[in-house]
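Reading through the structure tokens given below for one structure.
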Amino acid sequence: MSLLRSLRLCQAGSLLQSPQPRHTFHAGPWLSSSASNKELLMKLRRKTGYSFVNCKKALETCGGNLKQAESWLHEQAQKEGWSKAAKLHGRKTKEGLIGLLQEGNTTVLVEVNCETDFVSRNIKFQQLVQQVAFGAMLHCQSLKDQLSTYSKGFLNSSELSELPIGHEREGSLKDQLALAIGKLGENMTLKRAAWVKVPTGFYVGSYVHGTTHSPSLHNLVLGKYGAVVICETSEPKANLEDLGRRLGQHVVGMAPLSVGSLDDEPGGEAETKMLAQPYLLDPSITLGQYVQAQGVSVIDFVRFECGEGEEAAEAD
């Protein structure tokens, strides 16, 4: 007997048997078997991502009001998140991600840490990094700078945590951090952020190593290392994007501590002045010689390495 015929016979036999009692959940007065109420439950589930049990409880508590149920769910999750955050506080956060976001003449780098690499690959954690990058970007764009040259700034953990989520949403980034801790069950920290704004005549090159891509994160780039390099050029160049990426690769790989000058004597692998270092992609020349041939000047840079400083802190 064919598999298809066997399945059909089993189905027909089940229809002839007396109906078995069906297990149904007990709902409040707002929820019946009507399609509209089931649709409401599904809509809340899709919109918030919380379990059916929690969504059902929220709708019962709020008398079927979708907007109130959504707020109730977020409030409960916030309470649970703060409770978990308090319990997990102090646990080491060596893993995480660097996030790079560029919009117009503004670039931000952020670092968000967690306990394990497993959680850093979770989309919910990556969405937290996205929220932090957007928060830092909005902060930078709100600064009223009269740019005749580039500007650069940094935010420490406490400053970053207090930034608002956005123009149209209430709460701060530390609230989003608590929510993420509640959902993922690991300690996390908003470690730091850096931002750069440039006027015409300047260009910001960037590179992120160990890149993680997610279509839902739009133009945010994630990885374990990140660098931005501020260049000045007297005329527009077609290859600036590629040049900026190469300079960012150099900063990530060679980890310079300062820019230096073109007059510095060429150094070896231990050299910390960027322009005197052997060029990462062609060690037969210095980085200074490479950029000089390209007709650009390197003005400044920022380099982030995920988990940087944690080992030193443990040793102390």
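Residues are referred to by chain and number: the chain letter is A, B, ... according to the order shown in the structure tokens, the number counts from 1 in that chain, and ligands are numbered separately from 1 in the order shown.
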Q.
List as a VMD selection string the protein and nucleic acid residues near range 139-146 of chain A, meaning an atom at most 9 Å away when only C-alpha atoms are counted, but skip any in the same chain fewer than 5 places from it.
A. chain A and resid 106 to 108 134 151 153 163 to 164 195 to 197
(Q) Residues within 12 Å of Asp264 in chain A, please, as JSON, numbers by chain. Count only C-alpha atoms; anything in the same chain fewer than 5 positions from it doesn't count. (A) {"A": [258, 259, 271, 272, 273, 274, 275, 276, 277, 286, 287, 288, 289]}
Q.
Using DSSP secondary structure from the backbone, list all strand (DSSP E or B) positions within range 109-275 of chain A, as number ranges by chain.
A. A: 109-114, 151-155, 164-166, 169-172, 189-197, 202-209, 212, 221-223, 225-233, 258, 273
Q.
as a PyMOL selection string, please: every residue in range 40-207 of chain A that DSSP puts in alpha helix (DSSP H).
A. chain A and resi 40-48+52-61+66-88+117-120+123-142+157-161+173-184
Near Arg192 in chain A, within 8 Å and counting only C-alpha atoms, which residues show up once chain neighbours fewer than 6 positions away are dropped, as a CSV table (one decimal) with N, CA, C and O atoms, in the first residue's frame?
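The result, stored in selection.csv:
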```
chain,number,residue,atom,x,y,z
A,110,VAL,N,30.5,52.1,18.0
A,110,VAL,CA,30.0,51.8,19.4
A,110,VAL,C,30.5,50.4,19.8
A,110,VAL,O,30.8,49.6,18.9
A,111,GLU,N,30.6,50.2,21.0
A,111,GLU,CA,31.0,48.8,21.5
A,111,GLU,C,29.9,48.4,22.6
A,111,GLU,O,29.7,49.2,23.6
A,112,VAL,N,29.3,47.3,22.4
A,112,VAL,CA,28.4,46.7,23.4
A,112,VAL,C,28.9,45.3,23.7
A,112,VAL,O,29.2,44.5,22.8
A,154,PHE,N,33.9,61.4,22.3
A,154,PHE,CA,33.7,60.1,22.8
A,154,PHE,C,32.6,60.1,23.9
A,154,PHE,O,32.4,61.1,24.6
A,155,LEU,N,32.0,59.0,24.1
A,155,LEU,CA,31.0,58.8,25.2
A,155,LEU,C,31.4,57.6,26.0
A,155,LEU,O,31.6,56.5,25.4
A,156,ASN,N,31.5,57.7,27.3
A,156,ASN,CA,31.8,56.6,28.1
A,156,ASN,C,30.5,55.8,28.4
A,156,ASN,O,29.4,56.2,28.0
A,157,SER,N,30.6,54.8,29.2
A,157,SER,CA,29.5,53.9,29.5
A,157,SER,C,28.3,54.6,30.1
A,157,SER,O,27.1,54.4,29.6
A,160,LEU,N,26.7,57.0,27.6
A,160,LEU,CA,26.0,56.3,26.5
A,160,LEU,C,24.7,55.8,27.0
A,160,LEU,O,23.6,55.8,26.3
```
(Q) At a cut-off of 9 Å, using only C-alpha atoms, what residues contact Leu184 in chain A? Leave out same-chain residues fewer than 6 positions from it and give the result as a ChimeraX atom specification. (A) /A:119,122,124-125
For the selection you just gave me, I'd like the residues written to a file as a PDB file, in the first residue's frame, keeping all heavy atoms.
```
ATOM      1  N   VAL A 119      25.817  34.614  22.430  1.00  0.00           N
ATOM      2  CA  VAL A 119      24.817  35.684  22.533  1.00  0.00           C
ATOM      3  C   VAL A 119      25.125  36.810  21.555  1.00  0.00           C
ATOM      4  O   VAL A 119      24.216  37.420  20.993  1.00  0.00           O
ATOM      5  CB  VAL A 119      24.725  36.204  23.982  1.00  0.00           C
ATOM      6  CG1 VAL A 119      24.065  37.573  24.045  1.00  0.00           C
ATOM      7  CG2 VAL A 119      23.940  35.216  24.840  1.00  0.00           C
ATOM      8  N   ASN A 122      23.312  36.483  18.417  1.00  0.00           N
ATOM      9  CA  ASN A 122      21.854  36.497  18.471  1.00  0.00           C
ATOM     10  C   ASN A 122      21.329  37.817  17.897  1.00  0.00           C
ATOM     11  O   ASN A 122      21.843  38.892  18.198  1.00  0.00           O
ATOM     12  CB  ASN A 122      21.407  36.337  19.933  1.00  0.00           C
ATOM     13  CG  ASN A 122      19.913  36.146  20.078  1.00  0.00           C
ATOM     14  OD1 ASN A 122      19.136  37.045  19.790  1.00  0.00           O
ATOM     15  ND2 ASN A 122      19.510  34.968  20.530  1.00  0.00           N
ATOM     16  N   LYS A 124      18.748  39.485  18.589  1.00  0.00           N
ATOM     17  CA  LYS A 124      18.256  40.431  19.614  1.00  0.00           C
ATOM     18  C   LYS A 124      19.407  41.259  20.176  1.00  0.00           C
ATOM     19  O   LYS A 124      19.252  42.451  20.449  1.00  0.00           O
ATOM     20  CB  LYS A 124      17.536  39.673  20.729  1.00  0.00           C
ATOM     21  CG  LYS A 124      16.184  39.107  20.329  1.00  0.00           C
ATOM     22  CD  LYS A 124      15.483  38.472  21.512  1.00  0.00           C
ATOM     23  CE  LYS A 124      14.059  38.052  21.173  1.00  0.00           C
ATOM     24  NZ  LYS A 124      14.012  36.986  20.165  1.00  0.00           N
ATOM     25  N   PHE A 125      20.573  40.626  20.363  1.00  0.00           N
ATOM     26  CA  PHE A 125      21.742  41.377  20.821  1.00  0.00           C
ATOM     27  C   PHE A 125      22.195  42.353  19.739  1.00  0.00           C
ATOM     28  O   PHE A 125      22.537  43.507  20.020  1.00  0.00           O
ATOM     29  CB  PHE A 125      22.883  40.423  21.183  1.00  0.00           C
ATOM     30  CG  PHE A 125      24.129  41.133  21.662  1.00  0.00           C
ATOM     31  CD1 PHE A 125      24.216  41.605  22.966  1.00  0.00           C
ATOM     32  CD2 PHE A 125      25.189  41.360  20.806  1.00  0.00           C
ATOM     33  CE1 PHE A 125      25.355  42.278  23.406  1.00  0.00           C
ATOM     34  CE2 PHE A 125      26.330  42.035  21.227  1.00  0.00           C
ATOM     35  CZ  PHE A 125      26.404  42.488  22.534  1.00  0.00           C
TER      36      PHE A 125
END
```
